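Just below is one structure, and these are the notes that go with it.
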Amino acid sequence: MEDPVVNVNDVNDLDADLPKAEDAPESLLDIAQESAESVHSSEEHADLAPASPGPMDEVLDSPSEHASSSPVEDEVPVSPIETNDVEVHVGHENTASEEDAADALDRHLSEPVDDEGDSNIDQQENAEEENISEADDKKSVSEEESANDHDAVQTQLSFESSNPEEADPAESADVQSPMEDNSSDQVEDNTPATPEHHDPPSPEQEIPEPTVVTDVEPVVEPSAEIKAAPGPDKSAKIKELEDKISELESTLKSKDETITSLQSEVERLNTEIKSRSVPSKKPASAASDPKSKSVGAKKTTTRPASGARAVSKPAPVSNGVAKKPAGSPSKRTGSATTRPKSAATKPAGGKSSVGKKAGKVANKVEMTKGIDGAAVRSNLTWVDLGVSGQKEHAVKLMLRGRGIVCYPPTDFTMDGIVSEKPEETLKINWVYGYRGRDSQDNIFCLPSNELLYFQAALGVIYNPATRTQRFYQGHNDDIRCIALNPANPSIVATGQAAGHDEKEGDPHVRVWNCETFETLAVLGLGTLQRGVGSVSFSPDGSKVIAVDEGNDHTIYVYDLKKKSTIAFQKGHQDPVLGAEYIPGQNSRFITYGKGHIIFWDQEGNKLLKKSGLFEKHPKPRFITSLAFTDKGEPITGDSNGNLFLWNPNERKISKSKVGAHEGSVYSIAVKGDEIYTGGQDCKVKKFKVADLSSEDAWELDSATHGRVKAVTFVGEDLAVGTYNNGVLFGKFGDQPEQIIYGHGAGDLWGGADHPSENTFATVGQDKVVYIWDAESHTPKHIFKVEKPAQACCFSPCGSVLAVASTTGEWWVLDSNNGLVLSSYKSGPEQIDAISYSPDGSCIAVGSHDNYVYLFESTNLREDYKPIGKCAGHSSFITHLDFSDDGKVLQTTSGDYEHLFWDATNGDQITSTKDMRDVTMATYTCTLGFPVCGIWPVGYDGTDINALSKSHNNKLLVTADDFGLVNLFRYPCCDPAAEWSSFRGHSAHVTKVRFLHGDKEVFSLGGRDQSIIQWGIC
């Protein structure tokens, strides 16, 4: 479970009348600051979870393992779609002046860059490489001379030394073929060393005799016992030793047979209990605080796609996620640089085993016999906790070394408990939001006048006329870029970051049909390093180019028919933000990015590049967007707000419009002789192609929509994607209609279902509160709160909505008009859980300060009085539920504690066994007997972020750290229970709830900021 972070920059953008004009895309500028603050934050905050009594956790994804040796600028992610978030732990104020920082950043980025040598960037790069090589050679000479001097003193055998400076270093080719190794720009110098010249010694000089060193077997002195023994006794001694060796070999063979027998018995028992298998766990640094995750950090493991119950039929596919049959080995493929190899493996018996490399104590349940002495059902595991000679049975779950005892109800029997996965499945009905905050220029219009864009791990096709959506679900992590085939507009290419899938978890490009949603090709799997920053089709649709986000920013050209690489070449030493083919030319394309624009020519399997010349024009820090006129002339927008029209043959600027926007130009769309641009100043502007003269502007509300990130035409209408993850639609100049809504800054954690209507609420760190109509998929109400919001809940009657913040404040709002009825503060830290009692007379507030605050709410609209504080947890509160009568409260915490409290005064109920017959009105806590079967072997308490049982008590849905929504039967008290998993999110899923009527479920994505509404069918 991740620790939601406060995004200071994004939150301030929403309140400002007009965003600060920056000269570079926010994703690239802030990611470095974000990484620095993440490291600083991780050093400051201690882990809250208790240490495991098992072996120490092994850090698999420590920053040092992925540290780059390239210059600092190369460490900046290449794509302009990186998130503009800065992690700030609650309780620590940011003392830096954001306005001063923004002004300093504007001055720094607006400063013209020295344009000297624009025409020969390649020569500069080669010169740098030669300087590095020369420095390395000199260092090598110094080291070797020192070593040789030392050897001469020791052995006087060294009469000559190598001279690397006399050998010419090997030069790497400017263009590499697909068969060449492109992993490093440095070429090892294998030239034989040239011996130094020595004058022959004069007769008067005495030449010392060299010491000859030979390999001699060491002399082993015999023991005193052997020395003393005469000849015949030695033979007897040898005989005695041989007899002892023979005896030991016999004993060893016997023990080997015993071990083999025990292993066979273990495999037999494993087969009987049908345990599930999961992959290796995450590093201990993340596990200690279930909600602390760094920006951009990805889960490097994957959850099984379904329950591991043995089946004889082929594995079914549900919602695009294949269900594995039991017994199939859990293997992980792909680059070790992107994901650590799983330490959890599945042996032949079907039971998962977690090796020592996992660094964790596996979730295990101890088994004993039943009351009558006979073994209970093998798929239900019990422990005997009897006292004073009386039998007492319960389920004991181990989470990272902590034993959690779950008592069944007094009259509980296994009759009616089914371990098979539920017959119901989930199907995506709607996806709220659009990926605009950390992406740009990513909306396309299909021939059917439908909009093509992406959100989380889904390709989305939206019809504005019918207000319907269709989805491509082939990806397993964040989609980073998208392109449409100009020769066949039904073919789409999308590139993703490293993901969770066992076979296709590495970064890659997927080519698919937007009508049938069939995957036509998977390109770059196993060769791309960090992610795909840009993708584009050739004019004839036969080739695809992709920009790798690795340190070398490599450009790959793929043959779409053969599904293979044609050529690849290092793109630039600085980040490359995009790539586009020149219209009508299948072998010429342009790449652009930080301080450069490069014109490429493909000749067979070679790529030749020439830099664009800015000449007298100001060279910007970033080229941020690219489009083409009907004549094939490139138009670029940059971080200074300028527009440049280029001559592609001369690689020179033919026309310019300086200061077209205040800040970066993120998107350019050309329609006939008109150019439409969207920028950081929250404006859509229109220019003439002939002279780049400005005609008109369409200004958006900066607080509601933010910057313009994408512009495209749908017939005569204009579709505009915004920084706050929404899409506007309408004719240029008219008042636009917002057709897609979504949350903006920060992670998304807060959500609640309405008790009597088919609506639900979501609250985010963007300070926005949405109350959604689940039938029309539009917001009924939109409210604003003062602080970043983290959790919410409806009152039993639904008339008020309680909203909790990341700073300890919480408010009671009128759910119909958003009026703040009253406000309170419960502790100084973040509030993750808040809930009303079933009758509405009490509200419980769970804080990161380890306390639960209880308030009496006789009048729901005002006057909440504190009645107690639950003190006993040793970590922050994650979930809480009231009993049916409202007298008992159950809570869970970040260190996997499951405690009970008297809801009338906050006193702890120390006897968990006495609570075995208490029925909860809701069940959102991730621990307890009714939900003990949701934990597979190898999971710890941080991997399941949320759960919810249906109102009819038949189904249970969970949200995990691997981007999956999982469906179980309820109660899920069988540790061998099977489940179905459904993918749509690309990040940790933070919240999941059943809607009124139990016909639909909604889920929230943390980092991807998406809301997915699922239908139960």
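Ligands are numbered from 1 in the order shown, residues from 1 within each chain, and chains are lettered A, B, ... in the order they appear in the structure tokens.
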Within 8 Å of region 487-497 of chain A, counting only C-alpha atoms, which residues qualify if same-chain residues fewer than 6 places away don't, as a compact mmCIF listing (two decimals) with N, CA, C and O atoms, in the first residue's frame?
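In the end it all went to selection-v8.txt:
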```
# COMPACT_ATOMS: atom_id res chain seq x y z
N LEU A 446 -10.68 9.47 -35.06
CA LEU A 446 -10.84 8.35 -35.98
C LEU A 446 -11.78 8.74 -37.12
O LEU A 446 -12.53 9.72 -37.01
N PRO A 447 -11.77 8.00 -38.23
CA PRO A 447 -12.69 8.31 -39.33
C PRO A 447 -14.15 8.31 -38.92
O PRO A 447 -14.99 8.97 -39.55
N HIS A 475 -2.45 -3.77 -22.61
CA HIS A 475 -1.29 -3.32 -21.85
C HIS A 475 -1.39 -3.75 -20.39
O HIS A 475 -2.49 -3.99 -19.87
N ASP A 477 0.69 -1.94 -18.01
CA ASP A 477 1.15 -0.81 -17.21
C ASP A 477 0.88 0.47 -17.98
O ASP A 477 0.22 0.46 -19.02
N ASP A 478 1.42 1.59 -17.46
CA ASP A 478 1.15 2.91 -18.02
C ASP A 478 1.39 2.97 -19.51
O ASP A 478 2.48 2.66 -19.99
N ILE A 479 0.38 3.42 -20.26
CA ILE A 479 0.59 3.79 -21.66
C ILE A 479 1.18 5.19 -21.66
O ILE A 479 0.67 6.10 -21.02
N ARG A 480 2.29 5.36 -22.39
CA ARG A 480 3.01 6.62 -22.37
C ARG A 480 2.82 7.44 -23.64
O ARG A 480 3.03 8.65 -23.65
N CYS A 481 2.49 6.80 -24.76
CA CYS A 481 2.36 7.52 -26.02
C CYS A 481 1.44 6.74 -26.94
O CYS A 481 1.17 5.55 -26.72
N ASP A 506 8.30 -6.01 -19.79
CA ASP A 506 9.29 -5.01 -20.21
C ASP A 506 8.61 -3.95 -21.07
O ASP A 506 7.55 -4.17 -21.66
N PRO A 507 9.24 -2.76 -21.18
CA PRO A 507 8.67 -1.73 -22.07
C PRO A 507 8.55 -2.26 -23.49
O PRO A 507 9.43 -2.99 -23.98
N HIS A 508 7.48 -1.89 -24.17
CA HIS A 508 7.28 -2.35 -25.54
C HIS A 508 6.21 -1.51 -26.23
O HIS A 508 5.53 -0.71 -25.59
N VAL A 509 6.07 -1.73 -27.53
CA VAL A 509 5.05 -1.07 -28.35
C VAL A 509 4.05 -2.13 -28.79
O VAL A 509 4.44 -3.21 -29.27
N ARG A 510 2.78 -1.83 -28.65
CA ARG A 510 1.72 -2.74 -29.11
C ARG A 510 0.99 -2.07 -30.27
O ARG A 510 0.57 -0.91 -30.18
N VAL A 511 0.84 -2.81 -31.36
CA VAL A 511 0.10 -2.35 -32.53
C VAL A 511 -1.21 -3.13 -32.55
O VAL A 511 -1.20 -4.36 -32.52
N TRP A 512 -2.34 -2.42 -32.62
CA TRP A 512 -3.63 -3.09 -32.49
C TRP A 512 -4.67 -2.45 -33.38
O TRP A 512 -4.52 -1.32 -33.85
N ASN A 513 -5.74 -3.20 -33.62
CA ASN A 513 -6.85 -2.76 -34.45
C ASN A 513 -7.91 -2.14 -33.55
O ASN A 513 -8.40 -2.80 -32.62
N CYS A 514 -8.27 -0.89 -33.81
CA CYS A 514 -9.21 -0.20 -32.93
C CYS A 514 -10.66 -0.59 -33.19
O CYS A 514 -11.56 -0.10 -32.49
N GLU A 515 -10.92 -1.42 -34.18
CA GLU A 515 -12.28 -1.90 -34.43
C GLU A 515 -12.50 -3.27 -33.78
O GLU A 515 -13.53 -3.51 -33.16
N ARG A 530 13.65 1.64 -20.41
CA ARG A 530 12.83 2.22 -19.34
C ARG A 530 11.38 2.43 -19.74
O ARG A 530 10.50 2.38 -18.89
N GLY A 531 11.14 2.71 -20.97
CA GLY A 531 9.79 3.00 -21.42
C GLY A 531 9.83 3.58 -22.81
O GLY A 531 10.89 3.93 -23.33
N VAL A 532 8.67 3.69 -23.43
CA VAL A 532 8.56 4.24 -24.78
C VAL A 532 8.08 5.68 -24.65
O VAL A 532 6.95 5.93 -24.23
N GLY A 533 8.95 6.63 -25.02
CA GLY A 533 8.60 8.03 -24.88
C GLY A 533 7.80 8.58 -26.03
O GLY A 533 7.03 9.52 -25.87
N SER A 534 7.95 7.99 -27.23
CA SER A 534 7.22 8.46 -28.41
C SER A 534 7.15 7.33 -29.43
O SER A 534 8.04 6.48 -29.48
N VAL A 535 6.11 7.34 -30.24
CA VAL A 535 5.92 6.33 -31.27
C VAL A 535 5.26 6.99 -32.47
O VAL A 535 4.47 7.93 -32.32
N SER A 536 5.60 6.52 -33.69
CA SER A 536 5.04 7.12 -34.90
C SER A 536 5.08 6.11 -36.04
O SER A 536 5.99 5.27 -36.12
N PRO A 539 4.58 7.14 -43.36
CA PRO A 539 3.41 7.52 -44.16
C PRO A 539 2.71 6.35 -44.84
O PRO A 539 1.49 6.37 -44.99
N ASP A 540 3.46 5.31 -45.25
CA ASP A 540 2.82 4.16 -45.88
C ASP A 540 2.39 3.11 -44.87
O ASP A 540 1.84 2.07 -45.24
N GLY A 541 2.65 3.35 -43.59
CA GLY A 541 2.21 2.45 -42.53
C GLY A 541 3.01 1.17 -42.40
O GLY A 541 2.62 0.29 -41.63
```
Near Ser874 (chain A), within 12 Å and counting only C-alpha atoms, which residues show up once chain neighbours fewer than 2 positions away are dropped, as a PyMOL selection string? chain A and resi 47-50+847-852+870-872+876-877+892-899
Which residue out of A:Tyr723, A:Phe729, A:Phe900, A:Phe444 has the minimum interatomic distance to Asp766 (chain A) when only C-alpha atoms are used? A:Tyr723
Excluding Thr778 (chain A) and residues on its chain fewer than 2 positions from it, collect all residues at most 9 Å away from it, counting only C-alpha atoms, and give them as a PyMOL selection string. chain A and resi 432+739-741+771-776+780
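What separates CA of Glu450 (chain A) from CA of Leu643 (chain A) is a distance of 29.0 Å.
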Can you list, as a ChimeraX atom specification, every protein, DNA or RNA residue that comes within 10 Å of Gln1009 (chain A) when you count only C-alpha atoms, leaving out same-chain residues fewer than 3 positions away? /A:432-435,437,455-456,725,742-749,764,985-987,989-990,1004-1006
Store the residues of this selection in a file with C-alpha atoms, as an mmCIF file, in the first residue's frame.
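Saved the output as selection.cif:
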```cif
data_model
loop_
_atom_site.group_PDB
_atom_site.id
_atom_site.type_symbol
_atom_site.label_atom_id
_atom_site.label_comp_id
_atom_site.auth_asym_id
_atom_site.auth_seq_id
_atom_site.Cartn_x
_atom_site.Cartn_y
_atom_site.Cartn_z
ATOM 1 C CA TYR A 432 -13.261 8.525 -15.951
ATOM 2 C CA GLY A 433 -10.485 10.952 -16.802
ATOM 3 C CA TYR A 434 -7.827 11.379 -19.469
ATOM 4 C CA ARG A 435 -4.014 11.178 -19.194
ATOM 5 C CA ARG A 437 -1.143 15.732 -16.417
ATOM 6 C CA GLN A 455 -5.920 6.476 -19.538
ATOM 7 C CA ALA A 456 -3.922 4.276 -17.148
ATOM 8 C CA ASN A 725 -7.154 15.254 -16.909
ATOM 9 C CA GLY A 742 -11.118 13.533 -13.932
ATOM 10 C CA HIS A 743 -9.026 14.329 -10.890
ATOM 11 C CA GLY A 744 -5.826 16.316 -11.265
ATOM 12 C CA ALA A 745 -2.849 16.785 -8.952
ATOM 13 C CA GLY A 746 -1.609 14.104 -6.585
ATOM 14 C CA ASP A 747 -2.606 10.526 -5.875
ATOM 15 C CA LEU A 748 -6.253 9.524 -5.722
ATOM 16 C CA TRP A 749 -7.269 7.676 -2.537
ATOM 17 C CA GLY A 764 -8.368 13.822 -4.354
ATOM 18 C CA HIS A 985 -5.282 0.351 -13.736
ATOM 19 C CA SER A 986 -1.574 0.888 -14.277
ATOM 20 C CA ALA A 987 -0.636 1.766 -10.699
ATOM 21 C CA VAL A 989 -5.344 0.422 -6.823
ATOM 22 C CA THR A 990 -6.212 2.446 -3.740
ATOM 23 C CA LEU A 1004 -9.534 4.192 -7.908
ATOM 24 C CA GLY A 1005 -5.973 4.245 -9.223
ATOM 25 C CA GLY A 1006 -3.428 6.034 -7.062
#
```
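Here the question is which of A:Gly938, A:Gly706, A:Gly798, A:Gly726 gets nearest to Val431 (chain A) using only C-alpha atoms, and that residue is A:Gly726.
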Would you mind writing down, as an MDAnalysis selection string, each residue of region 848-977 of chain A that DSSP on the backbone assigns to helix (DSSP H, G or I)? chainID A and resid 912:915 929:934
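Put simply, CA of Ala921 (chain A) is 19.8 Å away from CA of Gly933 (chain A).
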Within 9 Å of His596 (chain A), counting only C-alpha atoms, which residues show up once you throw out same-chain ones fewer than 6 positions away? Write them as a CSV table (one decimal) with N, CA and C atoms, in the first residue's frame, please.
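So result.csv came out as:
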```csv
chain,number,residue,atom,x,y,z
A,118,ASP,N,25.8,24.5,-33.8
A,118,ASP,CA,24.5,23.8,-34.0
A,118,ASP,C,24.6,22.8,-35.1
A,572,HIS,N,20.2,11.2,-28.9
A,572,HIS,CA,20.9,12.4,-28.5
A,572,HIS,C,21.3,12.2,-27.0
A,574,ASP,N,20.9,14.4,-24.8
A,574,ASP,CA,19.9,15.0,-24.0
A,574,ASP,C,18.6,14.3,-24.3
A,576,VAL,N,15.1,13.1,-25.5
A,576,VAL,CA,14.4,13.2,-26.8
A,576,VAL,C,12.9,13.0,-26.5
A,611,SER,N,21.6,17.9,-37.6
A,611,SER,CA,20.9,18.8,-36.7
A,611,SER,C,20.3,20.0,-37.4
A,612,GLY,N,19.1,20.4,-36.9
A,612,GLY,CA,18.5,21.6,-37.4
A,612,GLY,C,19.3,22.9,-36.9
A,619,LYS,N,17.7,29.9,-29.5
A,619,LYS,CA,17.6,28.5,-29.3
A,619,LYS,C,16.9,28.2,-28.0
A,620,PRO,N,15.8,27.5,-28.0
A,620,PRO,CA,15.1,27.2,-26.7
A,620,PRO,C,15.7,26.1,-25.9
A,621,ARG,N,15.3,26.1,-24.6
A,621,ARG,CA,15.7,25.0,-23.8
A,621,ARG,C,15.1,23.6,-24.3
A,622,PHE,N,13.9,23.7,-24.7
A,622,PHE,CA,13.2,22.5,-25.1
A,622,PHE,C,12.3,22.8,-26.4
A,623,ILE,N,12.4,21.8,-27.3
A,623,ILE,CA,11.4,21.8,-28.4
A,623,ILE,C,10.3,20.9,-27.8
```
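Using only C-alpha atoms, the nearest neighbour of Cys932 (chain A) within the list A:Glu257, A:Cys406, A:Ser841, A:Arg983 is A:Cys406.
Residues within 9 Å of Gln602 (chain A), counting only C-alpha atoms and excluding same-chain residues fewer than 3 positions away, are Ala567, Asn586, Ser587, Arg588, Phe589, Asn605, Lys606, Leu607, Leu608 and Lys609 of chain A.
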Determine, counting only C-alpha atoms, which protein, DNA and RNA residues have an atom within 6 Å of an atom of Leu451 (chain A); residues of the same chain fewer than 5 positions away are not included. Present the result as a VMD selection string. chain A and resid 444 to 445 461 to 462
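With distances restricted to only C-alpha atoms, A:Thr878 is the closest residue to Ile944 (chain A) from A:Asn905, A:Ser693, A:Thr878, A:Asn816.
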